[in-house]
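A short write-up of the structure that comes next.
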Amino acid sequence: MFAQVASEATGVPLDRIDVVLGDSSLPKGPVSGSGGSAMTASLIPAVMDAARNAQQTMLIVGAATPGLFKGAKTSDLAMTAGSVHHRDQPASSGVPFDKVLAAARTSSVSGQGRSKGHDQVMLGTTKPSVSLQSFLAHFVEVTWQPEIARLRLSRIVTTVDAGRIINELTARNQIEGAVAMGIGMALFEELVHDPCSGAPINSNLADYILATHADAPPHEVVFLQHPDLHLNELGARGIAEIGLAGIAAAITSAIHHATGVRVRALPVRVEDLLRSEDG
């Protein structure tokens with residue numbers, strides 16, 4: 001996603017951008033760690049700021065290099081689609097940035113950027129006038145066959161309002177993975193402890209039941225794609241945790257609608273549904 005942001009800011013092709021995160025040679029990161037669905041939304045302004053500063057340095061180099069832009073000042077130049085050109089001329093007439101560096105006999109230019117961060121933007125005022133959270137709704141369909149005691153998930157539709165989605169593939173994977181976790185939470189997963197020792201009894205993948213592909217129904221994810229420009233200039237918010245937060249509740253609500261039984265504990269057991277039918 002950060003490569004996409006840098007590409008959009010500079011015009012440099014995506015396959016020519018390398019993103020380095022978590023390297024010990026980098027400066028120290030935030031002491032609070034990562035959480036709250038805030039990574040993308042918080043770092044977008046920093047990436048955009050750094051890209052602009054690097055571009056400005058590139059323009060300075062271009063204007064100062066003899067033979068490239070004769071008589072041009074830095075203010076006369078612009079960088080578009082990875083090329084430096086006169087502002088009053090199309091980008092196609094420009095010089096690719098790597099050739100500008102070669103002519104200037106330098107290996108690179110750099111730029112630094114920073115941002116306040118998601119939490120600081122949200123908590124900057126005691127009574128914020130806007131809400132910067134993301135929102136999501138799950139719609140679940142179940143099939144209940146009491147004669148054979150079979151409960152199946154038939155279909156799930158998830159709608160997400162998280163501002164502009166920077167990378168729809170990774171965002172969809174995030175929601176689909178969270179829903180898969182929620183299916184396990186609602187219908188399968190339970191850690192059982194020995195009442196005498198307190199040790200977990202089913203602490204292995206042979207005894208701890210997880211959801212499989214056969215347990216996951218068709219799942220449609222819809223992103224509303226309404227950019228939220230209050231938070232950052234690309235209008236992106238976060239989606240990390242929200243995919244999991246409501247799916248178990250949606251599944252149990254669908255079960256109640258299908259069976260008339262309101263389940264109060266997870267995971268949902270077929271025995272509870274049959275016992276309720278028996279009175």
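Chain labels A, B, ... are given in the sequence in which chains occur in the structure tokens; within each chain residues are numbered consecutively from 1, and ligands are likewise numbered from 1 in the order shown.
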>> What parts of region 66-243 of chain A does DSSP call helix (DSSP H, G or I)? I'd like the answer as a PyMOL selection string.
In response: chain A and resi 74-76+91-93+97-103+118-122+168-187+213-215+242-243
What does the file look like for those residues with C-alpha atoms, as a CSV table (one decimal), in the first residue's frame?
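selection.csv, written as the output of this step:
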chain,number,residue,atom,x,y,z
A,74,THR,CA,13.5,25.3,-9.7
A,75,SER,CA,10.1,27.0,-9.7
A,76,ASP,CA,9.9,26.6,-13.5
A,91,ALA,CA,5.3,15.4,-19.1
A,92,SER,CA,6.2,13.6,-22.3
A,93,SER,CA,8.7,16.2,-23.0
A,97,PHE,CA,14.3,11.1,-13.1
A,98,ASP,CA,17.1,8.4,-13.4
A,99,LYS,CA,18.6,10.3,-16.3
A,100,VAL,CA,18.5,13.6,-14.3
A,101,LEU,CA,20.4,11.8,-11.5
A,102,ALA,CA,22.9,10.4,-14.0
A,103,ALA,CA,23.5,13.9,-15.6
A,118,HIS,CA,-4.4,8.6,13.5
A,119,ASP,CA,-4.9,8.9,17.2
A,120,GLN,CA,-3.5,12.5,17.4
A,121,VAL,CA,-5.9,13.6,14.7
A,122,MET,CA,-8.8,11.9,16.4
A,168,GLU,CA,-8.7,-3.6,-2.6
A,169,LEU,CA,-7.1,-7.0,-2.9
A,170,THR,CA,-5.4,-6.8,0.5
A,171,ALA,CA,-8.4,-5.1,2.1
A,172,ARG,CA,-10.7,-7.9,0.9
A,173,ASN,CA,-8.3,-10.5,2.2
A,174,GLN,CA,-8.3,-8.7,5.5
A,175,ILE,CA,-12.1,-8.8,5.8
A,176,GLU,CA,-12.4,-12.4,4.5
A,177,GLY,CA,-9.8,-13.6,7.0
A,178,ALA,CA,-11.5,-11.9,9.9
A,179,VAL,CA,-14.8,-13.4,8.9
A,180,ALA,CA,-13.2,-16.9,8.8
A,181,MET,CA,-12.0,-16.3,12.3
A,182,GLY,CA,-15.5,-15.2,13.3
A,183,ILE,CA,-17.0,-18.4,11.9
A,184,GLY,CA,-14.6,-20.4,14.1
A,185,MET,CA,-15.6,-18.2,17.1
A,186,ALA,CA,-19.3,-18.6,16.5
A,187,LEU,CA,-19.5,-22.3,15.6
A,213,HIS,CA,-13.0,-24.3,3.7
A,214,ALA,CA,-16.1,-26.6,3.8
A,215,ASP,CA,-17.5,-24.6,6.7
A,242,ILE,CA,-13.6,-4.4,12.4
A,243,GLY,CA,-14.1,-7.5,10.2
Taking 4 positions as the minimum chain separation for residues in the same chain, which residues sit within 9 Å of region 146-150 of chain A when counting only C-alpha atoms? Answer as a compact mmCIF listing (two decimals) with C-alpha atoms, in the first residue's frame.
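And here's around-v9.txt as it stands now:
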# COMPACT_ATOMS: atom_id res chain seq x y z
CA THR A 259 -34.66 -21.52 14.71
CA VAL A 270 -26.49 -28.11 17.73
CA GLU A 271 -27.45 -29.79 21.01
CA LEU A 273 -30.85 -25.92 19.32
CA LEU A 274 -32.36 -29.40 19.61
CA GLU A 277 -36.97 -27.48 20.34
>> From the options A:Thr40, A:Asn53, A:Ser197, A:Ser203, which residue's atoms come nearest to Ile239 (chain A), counting only C-alpha atoms?
In response: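 Closest to Ile239 (chain A), using only C-alpha atoms: A:Thr40.
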> Counting only C-alpha atoms, which of A:Gly22, A:Gly238, A:Gly111, A:Gly198 gets nearest to Val47 (chain A)?
Replying inline: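 Nearest candidate to Val47 (chain A) out of A:Gly22, A:Gly238, A:Gly111, A:Gly198: A:Gly111.
Nearest to Asp49 (chain A) of all the residues A:Leu21, A:Ala9, A:Leu153, A:Val61 is A:Ala9, counting only C-alpha atoms.
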>> Please determine, counting only C-alpha atoms, which residue among A:Asn204, A:Ser108, A:Asn167, A:Ser253 has the shortest atom-to-atom distance to Met1 (chain A).
In response: A:Asn167
>> as a count of residues only, please: the residues near Gly82 (chain A) (cut-off 7 Å, only C-alpha atoms, same-chain neighbours under 6 positions excluded).
In response: 5
